[in-house]
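S.K.: Below are the structure tokens for one structure; questions will follow.
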Amino acid sequence: MASDYPIVDELISIWRTNGCQDGDYVFLSSRRGKNWQDQSFRVSSSLKDEISAWIKSRPPKDYDLYWSPLLFKGPRRRTENVKASNLLWSDMDDVDLSAIEEKHLTPTYLWESSPGRFQGLWLLDKQLPPIEAQNLNRSLSYEIGADKSGWDLTQVLRVPGTINHKYPDTPPVGKIIRNGVKYCVSYLEERLKPSPEELPDNFQLQIPEVSRQEVLNILTRYHGKIPRKVLTLLFSTSATHGKRSDILWYIEHALHDAGVSPSETLVLVKSSVWNKYRGRPDEDHRLLTEMKKILENKFQEPGEDEAAVPEREEPRFSMGFNIESYSEVLGKIATQPGWLVEGFWTKRSHGIVAGEPKSLKSILTTDLALSIASGKPFLGQFPVKESGPVLIVQNENADWIMKDRIEKMIINKGLGGEVTSDNPGTVTITFPPQLPIYFINQQGYQFNDPIHRALLEEAIKKIKPVLVIFDPLYLMFDGDVNSAKDLNPVLNWLLYLKTEYKTGVIVVHHWNKGSSPKRGGQRMLGSTTLHGWVESAWYIEVISRPEGDGSDEINPGDTPPITLVLEREFRSAGVFPKVELTVSMGGFNESTYDVEVKRHTKKKKAAASQGRNLGDDQDRIMELFRLNKKPLSLRLISENTGLSKRRANEAIKALVESGEIRETSSGYEVV
């Protein structure tokens with residue numbers, strides 16, 4: 001079979017010269033009239049027979065046949081599948097061969113594609129990454145005056161020895177002529193530097209450097225049109241090794257396809273970490289000529305390049321690890337936990353406020369925010385240790401609800417201003433203070449949206465908050481809350497916010513539906529990753545609600561108070577007892593807001609705890625020990641597990657007998 005088509009041996013020989021290995025893919029294509037078809041072949045010992053059979057099914061007398069001299073990693077002729085190459089290629093339609101010879105750029109492989117027109121390959125002394133090969137190939141095409149739309153990575157050339165059906169007389173395609181020349185890459189790179197005449201006439205030579213805010217302004221104009229993965233790449237602060245060329249090319253195409261103007265595209269890619277030309281004398285020229293290629297070459301033969309970004313390319317926030325010495329670590333970390341609000345949130349910590357539906361989570365976090373912004377005690381009695389600006393990002397409550405709720409709270413805290421008359425005829429007006437608290441209300445904020453993240457960062461830079469509250473998670477996250485894979489990028493970004501801007505972070509979240517014997521952190525909706533992530537946390541459960549009331553998103557009105565149990569968890573601050581809160585709030589335009597706080601005595605939970613077996617009690621106690629490394633007394637164990645002292649004592653005895661915990665002079669501890 002191979003003897004009928006000797007060109008097959010020559011093609012395979014050239015692929016081998018280009019580094020072909022078993023498992024790679026090579027491509028041939030056929031066209032008959034307007035019908036174009038690509039065919040991939042996986043390299044193996046049967047490659048010659050497979051190609052010969054394919055050509056036999058598409059005889060050259062009836063078909064135009066094409067091939068790609070490059071090698072591919074997958075079965076589709078796309079840019080992202082191209083492998084490194086030690087060949088350059090060109091379609092030299094109107095090139096004078098004698099002029100090429102005078103420039104000492106004669107192709108290593110040359111064949112006539114039609115009378116007076118040629119195609120060729122140049123053999124290099126080393127392999128180049130795909131985009132570097134393409135860029136050098138482009139410079140070669142411009143230098144010799146070849147087809148300016150024929151230098152891309154997915155270009156196909158006519159198969160030597162076949163027939164060209166483009167012309168009525170169907171001339172034959174010539175056979176390959178070899179001259180044995182191998183070109184030094186460094187020589188070509190120096191020789192083929194781009195010249196000013198290559199620039200598009202309608203572009204300026206200089207691409208302006210712009211600020212991050214100007215980048216955001218451009219991207220905001222195209223919000224919803226630019227793919228999210230492109231936005232993620234544009235906001236990356238470090239580039240994946242070996243991927244800059246491919247991703248830069250992908251970003252440029254994707255922005256163009258999204259309708260971003262050429263000048264705006266150039267500004268965006270120049271400011272990104274994927275700009276591999278940064279600092280070069282010809283930086284702007286390289287970017288401009290790439291943009292020109294995109295504009296010129298939007299139509300190709302079928303099999304057009306459709307570059308794709310590598311999977312799960314996530315933004316990175318630093319170029320490397322900051323390694324600190326033993327003395328540096330001990331010199332800057334306090335020996336005692338620092339409080340933002342004493343007993344309720346630690347400084348610059350990240351965490352979650354979670355609980356049952358309608359358990360007043362938003363009301364309590366708003367109270368916390370107002371206390372921190374004003375310096376007034378939280379819930380009227382818990383000192384604020386570090387006051388400062390607070391930013392609330394919330395997607396749930398209408399503006400009028402937020403306004404009414406805040407007005408009630410500031411009156412309760414004595415922040416509403418007053419009018420007094422100490423002397424007859426004299427009136428003193430004290431205006432309410434302007435609190436440093438800021439809101440992003442119901443604007444559809446999404447953790448997964450790179451533009452939203454970047455805009456929020458810009459706001460944080462200006463506000464410099466000591467606390468940022470996100471309310472609620474389920475309206476800000478469009479991934480699977482049960483998937484650690486989906487959650488981790490969001491949680492890592494929140495950690496970055498905390499560390500980079502020295503702020504605290506609260507995320508408001510929900511429990512799973514239904515009752516459970518587990519502690520609050522274990523009851524959160526979604527992956528256990530959430531519980532493992534927190535440094536500070538509140539878990540809120542309703543133990544008494546007015547009959548018929550079902551909402552904390554509108555004010556309860558003149559109904560009986562709502563009673564809650566708030567469980568506190570601090571990774572760095574030991575064990576704190578649960579507290580019981582009785583919240584009273586008046587109806588719309590009424591100023592009533594009051595919270596009564598007392599230590600939770602678990603009596604109201606006793607009935608709910610009946611029927612649980614000893615194993616469940618032991619599990620709850622061991623979970624408490626996992627959260628607290630210090631010895632715990634029977635009283636603390638009872639208060640923080642909701643177990644009676646009798647049941648707690650029974651479970652502790654069983655754990656001591658099994659060797660899991662032991663009794664010491666300071667209390668019980670894990671063995």
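Identifiers for the structure tokens are assigned positionally: chains receive A, B, ... in sequence, residues are indexed from 1 per chain, and ligands are indexed from 1 in the order shown.
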For the structure I just gave you, how does DSSP split segment 176-255 of chain A - specifically, which residues are strand (DSSP E)? Reply as a VMD selection string.
M.R.: chain A and resid 177 to 178 182 to 183
S.K.: Name the residues of segment 156-304 of chain A that come out as helix (DSSP H, G or I) in a backbone DSSP run; write them as a PyMOL selection string.
M.R.: chain A and resi 185-191+196-198+212-221+228-234+244-257+262-271+283-296
S.K.: Those residues with C-alpha atoms, as a PDB file, in the first residue's frame please?
M.R.:
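The resulting file, out.pdb, is reproduced below:
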```pdb
ATOM      1  CA  VAL A 185      17.488  29.951  16.379  1.00  0.00           C
ATOM      2  CA  SER A 186      19.546  32.753  17.939  1.00  0.00           C
ATOM      3  CA  TYR A 187      20.631  33.856  14.429  1.00  0.00           C
ATOM      4  CA  LEU A 188      17.028  33.966  13.208  1.00  0.00           C
ATOM      5  CA  GLU A 189      15.805  35.819  16.301  1.00  0.00           C
ATOM      6  CA  GLU A 190      18.439  38.508  15.746  1.00  0.00           C
ATOM      7  CA  ARG A 191      17.941  38.590  11.988  1.00  0.00           C
ATOM      8  CA  PRO A 196       8.145  49.473  12.203  1.00  0.00           C
ATOM      9  CA  GLU A 197       6.582  48.953   8.791  1.00  0.00           C
ATOM     10  CA  GLU A 198       4.895  45.801  10.116  1.00  0.00           C
ATOM     11  CA  ARG A 212      -5.584  48.783  38.260  1.00  0.00           C
ATOM     12  CA  GLN A 213      -8.660  50.997  38.544  1.00  0.00           C
ATOM     13  CA  GLU A 214      -8.511  51.782  34.817  1.00  0.00           C
ATOM     14  CA  VAL A 215      -8.254  48.052  34.079  1.00  0.00           C
ATOM     15  CA  LEU A 216     -11.358  47.517  36.227  1.00  0.00           C
ATOM     16  CA  ASN A 217     -13.171  50.288  34.369  1.00  0.00           C
ATOM     17  CA  ILE A 218     -12.520  48.565  31.042  1.00  0.00           C
ATOM     18  CA  LEU A 219     -13.572  45.134  32.287  1.00  0.00           C
ATOM     19  CA  THR A 220     -16.699  46.501  33.967  1.00  0.00           C
ATOM     20  CA  ARG A 221     -17.881  47.863  30.599  1.00  0.00           C
ATOM     21  CA  ARG A 228     -14.983  34.171  33.806  1.00  0.00           C
ATOM     22  CA  LYS A 229     -11.823  32.122  33.230  1.00  0.00           C
ATOM     23  CA  VAL A 230     -10.387  35.013  31.187  1.00  0.00           C
ATOM     24  CA  LEU A 231     -11.117  37.438  34.026  1.00  0.00           C
ATOM     25  CA  THR A 232      -9.466  35.080  36.486  1.00  0.00           C
ATOM     26  CA  LEU A 233      -6.339  34.996  34.332  1.00  0.00           C
ATOM     27  CA  LEU A 234      -6.255  38.780  33.929  1.00  0.00           C
ATOM     28  CA  ARG A 244       2.597  32.433  29.363  1.00  0.00           C
ATOM     29  CA  SER A 245       2.739  32.290  25.576  1.00  0.00           C
ATOM     30  CA  ASP A 246      -0.280  30.008  25.216  1.00  0.00           C
ATOM     31  CA  ILE A 247      -2.388  31.904  27.734  1.00  0.00           C
ATOM     32  CA  LEU A 248      -1.482  35.328  26.341  1.00  0.00           C
ATOM     33  CA  TRP A 249      -2.635  34.185  22.896  1.00  0.00           C
ATOM     34  CA  TYR A 250      -5.809  32.696  24.374  1.00  0.00           C
ATOM     35  CA  ILE A 251      -6.638  35.889  26.326  1.00  0.00           C
ATOM     36  CA  GLU A 252      -6.189  38.068  23.243  1.00  0.00           C
ATOM     37  CA  HIS A 253      -8.518  35.895  21.149  1.00  0.00           C
ATOM     38  CA  ALA A 254     -11.119  35.623  23.920  1.00  0.00           C
ATOM     39  CA  LEU A 255     -11.210  39.387  24.517  1.00  0.00           C
ATOM     40  CA  HIS A 256     -11.575  40.044  20.800  1.00  0.00           C
ATOM     41  CA  ASP A 257     -14.400  37.508  20.572  1.00  0.00           C
ATOM     42  CA  PRO A 262      -8.224  46.216  20.006  1.00  0.00           C
ATOM     43  CA  SER A 263      -6.828  49.203  21.917  1.00  0.00           C
ATOM     44  CA  GLU A 264      -8.517  48.068  25.163  1.00  0.00           C
ATOM     45  CA  THR A 265      -7.334  44.487  24.614  1.00  0.00           C
ATOM     46  CA  LEU A 266      -3.761  45.715  24.254  1.00  0.00           C
ATOM     47  CA  VAL A 267      -4.018  47.720  27.464  1.00  0.00           C
ATOM     48  CA  LEU A 268      -5.360  44.679  29.347  1.00  0.00           C
ATOM     49  CA  VAL A 269      -2.782  42.172  28.128  1.00  0.00           C
ATOM     50  CA  LYS A 270       0.087  44.626  28.592  1.00  0.00           C
ATOM     51  CA  SER A 271      -0.836  45.107  32.257  1.00  0.00           C
ATOM     52  CA  GLU A 283       7.390  45.202  23.904  1.00  0.00           C
ATOM     53  CA  ASP A 284       4.644  47.363  22.400  1.00  0.00           C
ATOM     54  CA  HIS A 285       5.526  46.297  18.885  1.00  0.00           C
ATOM     55  CA  ARG A 286       5.262  42.596  19.737  1.00  0.00           C
ATOM     56  CA  LEU A 287       1.857  43.079  21.325  1.00  0.00           C
ATOM     57  CA  LEU A 288       0.649  45.219  18.423  1.00  0.00           C
ATOM     58  CA  THR A 289       1.672  42.714  15.775  1.00  0.00           C
ATOM     59  CA  GLU A 290      -0.027  39.884  17.689  1.00  0.00           C
ATOM     60  CA  MET A 291      -3.193  41.970  17.746  1.00  0.00           C
ATOM     61  CA  LYS A 292      -2.886  42.605  14.021  1.00  0.00           C
ATOM     62  CA  LYS A 293      -2.651  38.867  13.416  1.00  0.00           C
ATOM     63  CA  ILE A 294      -5.895  38.317  15.319  1.00  0.00           C
ATOM     64  CA  LEU A 295      -7.672  40.993  13.290  1.00  0.00           C
ATOM     65  CA  GLU A 296      -6.346  39.703   9.950  1.00  0.00           C
TER      66      GLU A 296
END
```
S.K.: Find the spatial neighbours of Glu650 of chain A, counting only C-alpha atoms, within a cut-off of 10 Å - ignore same-chain residues fewer than 4 positions away - and output them as a ChimeraX atom specification.
M.R.: /A:614,617-618,644-646,654-655
S.K.: Could you save those same residues with C-alpha atoms as a tab-separated table (two decimals), in the first residue's frame?
M.R.:
```
chain	number	residue	atom	x	y	z
A	614	LEU	CA	-24.03	7.15	75.51
A	617	ASP	CA	-22.66	11.93	74.29
A	618	GLN	CA	-19.09	10.68	74.05
A	644	SER	CA	-26.69	17.52	81.99
A	645	LYS	CA	-23.91	17.03	84.53
A	646	ARG	CA	-25.20	13.52	85.18
A	654	ALA	CA	-16.77	5.73	79.88
A	655	LEU	CA	-14.11	7.75	78.04
```
S.K.: If you count only C-alpha atoms, which residues fall within 8 Å of Gln394 of chain A, apart from same-chain ones fewer than 6 positions away, as a PDB file with C-alpha atoms, in the first residue's frame?
M.R.:
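Below is the file that was written, out.pdb:
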```
ATOM      1  CA  PHE A 439     -22.489  48.975  52.649  1.00  0.00           C
ATOM      2  CA  ILE A 440     -22.703  47.153  49.333  1.00  0.00           C
ATOM      3  CA  ASN A 441     -26.420  46.390  49.382  1.00  0.00           C
ATOM      4  CA  GLN A 442     -28.164  43.969  47.022  1.00  0.00           C
ATOM      5  CA  TYR A 445     -21.994  40.381  44.667  1.00  0.00           C
ATOM      6  CA  ILE A 469     -19.058  40.975  56.634  1.00  0.00           C
ATOM      7  CA  PHE A 470     -20.481  38.900  53.753  1.00  0.00           C
ATOM      8  CA  ASP A 471     -24.181  38.055  54.125  1.00  0.00           C
ATOM      9  CA  PRO A 472     -25.179  35.351  53.151  1.00  0.00           C
TER      10      PRO A 472
END
```
S.K.: Rank A:His531, A:Val393, A:Met402, A:Val505 by their smallest atom-to-atom distance to Leu456 of chain A, using only C-alpha atoms, and report the top residue only.
M.R.: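 Among the listed residues, the smallest separation from Leu456 of chain A belongs to A:Val393.
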S.K.: Taking 4 positions as the minimum chain separation for residues in the same chain, which residues sit within 9 Å of Leu632 of chain A when counting only C-alpha atoms? Answer as a list in words.
M.R.: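 Answer for this query is Val575, Phe625, Asn628, Leu636, Ile637, Ser666, Gly667, Tyr668 and Glu669 of chain A.
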S.K.: Since we have the selection now, will you write its residues out, keeping N, CA and C atoms, as a PDB file, in the first residue's frame?
M.R.:
```
ATOM      1  N   VAL A 575     -12.181  27.994  75.822  1.00  0.00           N
ATOM      2  CA  VAL A 575     -13.599  27.644  75.886  1.00  0.00           C
ATOM      3  C   VAL A 575     -14.408  28.808  76.451  1.00  0.00           C
ATOM      4  N   PHE A 625     -13.240  18.487  72.962  1.00  0.00           N
ATOM      5  CA  PHE A 625     -11.798  18.409  73.228  1.00  0.00           C
ATOM      6  C   PHE A 625     -10.985  18.722  71.973  1.00  0.00           C
ATOM      7  N   ASN A 628     -10.722  22.429  71.793  1.00  0.00           N
ATOM      8  CA  ASN A 628     -10.066  23.078  72.925  1.00  0.00           C
ATOM      9  C   ASN A 628      -8.991  22.155  73.479  1.00  0.00           C
ATOM     10  N   LEU A 636     -17.641  22.881  82.615  1.00  0.00           N
ATOM     11  CA  LEU A 636     -17.450  23.429  81.275  1.00  0.00           C
ATOM     12  C   LEU A 636     -17.887  22.442  80.199  1.00  0.00           C
ATOM     13  N   ILE A 637     -17.609  21.172  80.432  1.00  0.00           N
ATOM     14  CA  ILE A 637     -18.038  20.156  79.472  1.00  0.00           C
ATOM     15  C   ILE A 637     -19.552  20.121  79.385  1.00  0.00           C
ATOM     16  N   SER A 666      -6.155  19.755  86.878  1.00  0.00           N
ATOM     17  CA  SER A 666      -6.751  20.919  86.215  1.00  0.00           C
ATOM     18  C   SER A 666      -8.064  20.593  85.523  1.00  0.00           C
ATOM     19  N   GLY A 667      -8.437  19.332  85.509  1.00  0.00           N
ATOM     20  CA  GLY A 667      -9.649  18.929  84.805  1.00  0.00           C
ATOM     21  C   GLY A 667      -9.379  17.718  83.936  1.00  0.00           C
ATOM     22  N   TYR A 668     -10.261  17.465  82.973  1.00  0.00           N
ATOM     23  CA  TYR A 668     -10.102  16.326  82.081  1.00  0.00           C
ATOM     24  C   TYR A 668      -9.372  16.769  80.820  1.00  0.00           C
ATOM     25  N   GLU A 669      -8.535  15.852  80.272  1.00  0.00           N
ATOM     26  CA  GLU A 669      -7.812  16.155  79.040  1.00  0.00           C
ATOM     27  C   GLU A 669      -7.701  14.897  78.196  1.00  0.00           C
TER      28      GLU A 669
END
```
S.K.: Restricting the calculation to only C-alpha atoms: of A:Gly161, A:Pro75, A:Pro59, A:Pro357, which residue gets closest to Pro6 of chain A?
M.R.: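 Of all the options, A:Gly161 lies closest to Pro6 of chain A.
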S.K.: Find the residues near Trp122 of chain A: any atom within 9 Å, counting only C-alpha atoms, skip ones fewer than 6 places away on the same chain, and give them as a short mmCIF file (atom, residue, chain, number, x, y, z; two decimals) with N, CA and C atoms, in the first residue's frame.
M.R.:
```
data_model
loop_
_atom_site.label_atom_id
_atom_site.label_comp_id
_atom_site.auth_asym_id
_atom_site.auth_seq_id
_atom_site.Cartn_x
_atom_site.Cartn_y
_atom_site.Cartn_z
N ASN A 86 10.76 22.06 16.02
CA ASN A 86 12.04 22.56 15.50
C ASN A 86 11.92 22.86 14.00
N LEU A 87 10.69 23.13 13.58
CA LEU A 87 10.42 23.52 12.19
C LEU A 87 9.67 24.86 12.16
N LEU A 88 9.98 25.68 11.17
CA LEU A 88 9.15 26.82 10.80
C LEU A 88 8.49 26.49 9.47
N TRP A 89 7.42 27.17 9.11
CA TRP A 89 6.64 26.82 7.94
C TRP A 89 6.13 28.08 7.26
N SER A 90 5.86 28.00 5.97
CA SER A 90 5.37 29.19 5.27
C SER A 90 4.69 28.81 3.97
N LEU A 105 17.87 32.70 3.39
CA LEU A 105 16.77 32.11 4.14
C LEU A 105 16.06 31.04 3.33
N THR A 106 16.79 30.32 2.52
CA THR A 106 16.20 29.27 1.69
C THR A 106 15.63 28.16 2.58
N PRO A 107 14.41 27.70 2.30
CA PRO A 107 13.82 26.63 3.12
C PRO A 107 14.64 25.34 3.07
N THR A 108 14.62 24.63 4.19
CA THR A 108 15.25 23.30 4.24
C THR A 108 14.47 22.31 3.38
N TYR A 109 13.15 22.41 3.38
CA TYR A 109 12.26 21.58 2.56
C TYR A 109 11.43 22.54 1.71
N LEU A 110 11.38 22.32 0.43
CA LEU A 110 10.68 23.24 -0.49
C LEU A 110 9.89 22.44 -1.51
N VAL A 181 19.95 22.43 4.93
CA VAL A 181 20.33 23.55 5.80
C VAL A 181 19.58 23.46 7.14
N LYS A 182 20.30 23.71 8.21
CA LYS A 182 19.69 23.81 9.54
C LYS A 182 20.01 25.20 10.09
N TYR A 183 18.97 25.90 10.57
CA TYR A 183 19.12 27.29 10.98
C TYR A 183 19.27 27.41 12.50
#
```
